[in-house]
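Colleague: See run_25.tsv below, with TSV, C-alpha atoms and all ligand atoms.
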```tsv
chain	number	residue	atom	x	y	z
J	69	MET	CA	-83.78	-174.20	119.69
J	70	ALA	CA	-84.25	-176.56	116.76
J	71	GLY	CA	-86.13	-178.96	119.01
J	72	ARG	CA	-88.82	-176.41	119.61
J	73	PHE	CA	-89.99	-176.56	115.99
J	74	TRP	CA	-89.24	-180.26	115.45
J	75	ASP	CA	-92.64	-181.89	115.15
J	76	PRO	CA	-92.66	-184.30	112.19
J	77	ASP	CA	-95.93	-185.90	113.32
J	78	GLY	CA	-97.76	-182.64	113.82
J	79	ALA	CA	-98.58	-183.59	117.41
J	80	ARG	CA	-97.86	-180.09	118.67
J	81	TYR	CA	-98.63	-177.90	115.67
J	82	GLY	CA	-101.38	-179.83	113.94
J	83	ILE	CA	-99.40	-180.44	110.78
J	84	PRO	CA	-95.88	-181.83	110.39
J	85	THR	CA	-93.50	-179.08	111.38
J	86	TYR	CA	-89.80	-178.70	110.85
J	87	PRO	CA	-87.28	-176.07	111.77
J	88	PHE	CA	-85.98	-173.82	109.04
J	89	ARG	CA	-83.54	-175.55	106.67
J	90	MET	CA	-84.54	-178.95	108.03
J	91	ALA	CA	-87.34	-179.80	105.65
J	92	PRO	CA	-87.22	-183.46	104.66
J	93	ALA	CA	-86.54	-184.49	101.10
J	94	GLY	CA	-89.61	-184.46	98.90
J	95	LEU	CA	-91.07	-181.30	100.43
J	96	ALA	CA	-90.54	-177.81	99.14
J	97	THR	CA	-91.91	-174.34	99.65
J	98	ARG	CA	-93.96	-172.67	96.95
J	99	ARG	CA	-90.95	-170.53	96.10
J	100	GLN	CA	-88.68	-173.56	95.83
J	101	LEU	CA	-91.20	-175.30	93.58
J	102	ARG	CA	-91.44	-172.20	91.44
J	103	ALA	CA	-87.66	-172.10	91.06
J	104	THR	CA	-87.80	-175.55	89.49
J	105	GLY	CA	-90.76	-174.75	87.26
J	106	LEU	CA	-93.36	-176.39	89.49
J	107	ARG	CA	-96.42	-175.25	91.41
J	108	PRO	CA	-98.36	-176.90	94.27
J	109	GLY	CA	-101.18	-177.75	91.87
J	110	GLY	CA	-104.11	-177.70	94.29
J	111	GLN	CA	-102.62	-180.04	96.85
J	112	GLU	CA	-103.01	-179.42	100.58
J	113	VAL	CA	-100.16	-177.99	102.61
J	114	ALA	CA	-98.13	-181.05	103.62
J	115	ALA	CA	-96.01	-179.51	106.35
J	116	GLN	CA	-94.66	-176.22	107.58
J	117	LEU	CA	-91.34	-174.70	108.44
J	118	LEU	CA	-91.10	-172.54	111.52
J	119	TRP	CA	-88.22	-170.33	112.43
J	120	PHE	CA	-87.36	-167.33	114.51
J	121	SER	CA	-86.82	-164.11	112.68
J	122	HIS	CA	-85.95	-161.14	114.77
J	123	ARG	CA	-86.19	-158.98	111.69
J	124	TYR	CA	-89.94	-159.43	111.74
J	125	ARG	CA	-90.35	-158.98	115.47
J	126	ARG	CA	-93.37	-156.91	116.31
J	127	LYS	CA	-94.79	-155.89	119.64
J	128	GLY	CA	-96.94	-158.63	121.11
J	129	CYS	CA	-96.16	-161.08	118.31
J	130	PRO	CA	-93.70	-163.90	118.72
J	131	PRO	CA	-90.95	-163.47	116.11
J	132	VAL	CA	-91.83	-166.77	114.47
J	133	ARG	CA	-92.14	-167.04	110.74
J	134	VAL	CA	-93.80	-169.81	108.81
J	135	ALA	CA	-93.38	-171.24	105.34
J	136	TYR	CA	-95.68	-173.92	104.00
J	137	LEU	CA	-94.29	-177.02	102.40
J	138	TYR	CA	-95.78	-178.94	99.53
J	139	ARG	CA	-95.10	-182.43	98.27
J	140	VAL	CA	-92.80	-182.32	95.29
J	141	ASP	CA	-94.22	-185.58	93.91
J	142	GLN	CA	-97.68	-184.00	93.76
J	143	ALA	CA	-96.49	-180.73	92.29
J	144	ARG	CA	-97.41	-179.90	88.72
J	145	ALA	CA	-95.46	-178.12	86.07
J	146	VAL	CA	-96.07	-174.44	85.71
J	147	ARG	CA	-97.60	-173.84	82.33
J	148	PRO	CA	-96.14	-170.65	80.95
J	149	MET	CA	-97.09	-169.15	77.61
J	150	THR	CA	-94.92	-171.03	75.15
J	151	PRO	CA	-94.45	-169.92	71.53
J	152	ARG	CA	-96.84	-172.72	70.62
J	153	LYS	CA	-99.49	-171.35	72.98
J	154	TRP	CA	-99.04	-167.85	71.64
J	155	ALA	CA	-99.47	-169.25	68.14
J	156	ALA	CA	-102.66	-171.05	69.19
J	157	LEU	CA	-103.98	-167.86	70.75
J	158	ALA	CA	-103.15	-165.87	67.62
J	159	LYS	CA	-104.91	-168.53	65.57
J	160	ALA	CA	-107.99	-168.31	67.78
J	161	ASN	CA	-108.02	-164.55	67.39
J	162	ALA	CA	-107.48	-164.85	63.65
J	163	ALA	CA	-110.40	-167.28	63.45
J	164	ARG	CA	-112.66	-164.59	64.88
J	165	ARG	CA	-111.73	-162.37	61.93
J	166	ILE	CA	-112.68	-164.96	59.33
J	167	CYS	CA	-116.07	-164.24	57.86
J	168	PRO	CA	-118.23	-167.41	57.91
J	169	GLU	CA	-119.92	-166.21	54.71
J	170	CYS	CA	-117.03	-165.52	52.35
J	171	ARG	CA	-114.34	-167.34	54.37
J	172	THR	CA	-111.85	-164.48	54.07
J	173	ASP	CA	-109.96	-162.61	56.76
J	174	ALA	CA	-111.93	-159.42	57.20
J	175	GLY	CA	-109.01	-157.77	59.01
J	176	TYR	CA	-111.19	-157.13	62.03
J	177	VAL	CA	-113.13	-159.31	64.45
J	178	ILE	CA	-116.45	-160.23	62.84
J	179	PRO	CA	-119.18	-158.30	64.68
J	180	THR	CA	-121.47	-160.76	66.43
J	181	SER	CA	-124.41	-158.53	65.59
J	182	LEU	CA	-123.78	-159.11	61.86
J	183	GLY	CA	-122.41	-162.65	62.08
J	184	MET	CA	-120.43	-161.94	58.92
J	185	CYS	CA	-118.10	-159.32	57.52
J	186	VAL	CA	-119.43	-155.91	56.60
J	187	ALA	CA	-118.95	-156.61	52.88
J	188	CYS	CA	-121.21	-159.68	53.11
J	189	ALA	CA	-123.70	-157.93	55.35
J	190	HIS	CA	-124.00	-154.95	53.00
J	191	PRO	CA	-123.16	-156.16	49.49
J	192	GLU	CA	-124.91	-153.22	47.81
J	193	GLU	CA	-122.80	-150.63	49.55
J	194	GLN	CA	-119.66	-152.54	48.69
J	195	ARG	CA	-120.58	-152.79	45.02
J	196	ALA	CA	-121.33	-149.11	44.88
J	197	ALA	CA	-118.00	-148.23	46.45
J	201	ZN	ZN	-117.70	-161.93	54.24
```
Could you render the structure as structure tokens?
Ligand SMILES: [Zn+2]

Modeller:
Amino acid sequence: MAGRFWDPDGARYGIPTYPFRMAPAGLATRRQLRATGLRPGGQEVAAQLLWFSHRYRRKGCPPVRVAYLYRVDQARAVRPMTPRKWAALAKANAARRICPECRTDAGYVIPTSLGMCVACAHPEEQRAA
């Protein structure tokens, strides 16, 4: 049964094909990459795993499942939101609240229509208040 899906050169299936659990070293499924903090990173599918799964048998469909394999050496690190990235994002948001006129934190995002904080845009009203 293993021989049926053993096609390392892709002569039969078009791309290198291995039976389930027989993937060569250096190849991993998307899920396996993810488990180690990696992602395919735009690379092409390098190979595939084929296996029989009677659980997924449907009428008229062969009960064959496929999982695509990616090259581990071409995988890239997943870039999650680190505390540093959150800080950078907060800084970027904070920058949008800084009035370019008086350089203070207005406490709200500076309206693009004014281009400055309300106090700078309407100094008379502020003085009166
Ligand atoms: Zn201002």

Colleague: Please extract the residues at most 7 Å from ligand ZN 201 (chain J), counting all atoms listed in the file, and provide them as a list in words, using the chain letters and residue numbers of this document.

Modeller: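 Every residue with an atom at most 7 Å from ligand ZN 201 (chain J) is listed here: Cys167, Pro168, Glu169, Cys170, Arg171, Thr172, Ala174, Met184, Cys185, Val186, Ala187 and Cys188 of chain J.
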
Colleague: Considering only C-alpha atoms, state which residue in the set J:Pro191, J:Gly71, J:Pro76, J:Pro131 is at the smallest distance from Ala91 of chain J.

Modeller: J:Pro76

Colleague: How far is it from atom CA of Tyr138 of chain J to atom CA of Phe73 of chain J, in Å with one decimal?

Modeller: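 Value for the atom CA of Tyr138 of chain J-atom CA of Phe73 of chain J distance: 17.6 Å.
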
Colleague: For a quick check of understanding, using all atoms listed in the file, which of J:Arg80, J:Arg72, J:Arg123, J:Arg98 has the smallest distance to Arg139 of chain J?

Modeller: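 Between J:Arg80, J:Arg72, J:Arg123, J:Arg98, the residue approaching Arg139 of chain J most closely is J:Arg98.
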
Colleague: Excluding same-chain residues fewer than 3 positions from segment 105-120 of chain J, what lies within 6 Å of it counting all atoms listed in the file, as a list of chain:residue names?

Modeller: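 Listing them by chain and then by number gives J:Ile83, J:Pro84, J:Thr85, J:Tyr86, J:Pro87, J:Phe88, J:Leu101, J:Arg102, J:Pro131, J:Val132, J:Arg133, J:Val134, J:Ala135, J:Tyr136, J:Leu137, J:Tyr138, J:Ala143, J:Arg144, J:Ala145, J:Val146.
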
Colleague: Please provide as a PDB file with C-alpha atoms, in the frame of the given file all residues within 6 Å of Val140 of chain J, with the sequence filter that same-chain residues fewer than 2 positions apart are discarded (counting only C-alpha atoms).

Modeller:
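Generated file (around21.pdb):
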```
ATOM      1  CA  GLY J  94     -89.610-184.460  98.900  1.00  0.00           C
ATOM      2  CA  LEU J  95     -91.070-181.300 100.430  1.00  0.00           C
ATOM      3  CA  GLN J 142     -97.680-184.000  93.760  1.00  0.00           C
ATOM      4  CA  ALA J 143     -96.490-180.730  92.290  1.00  0.00           C
TER       5      ALA J 143
END
```

Colleague: When you draw a straight line from atom CA of Gly82 of chain J to atom CA of Thr104 of chain J, how long is it in Å?

Modeller: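 One can read the atom CA of Gly82 of chain J to atom CA of Thr104 of chain J distance as 28.3 Å.
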
Colleague: What's the separation between atom CA of Tyr176 of chain J and atom CA of Ala163 of chain J, in Å to one decimal place?

Modeller: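 Answer for the atom CA of Tyr176 of chain J to atom CA of Ala163 of chain J separation: 10.3 Å.
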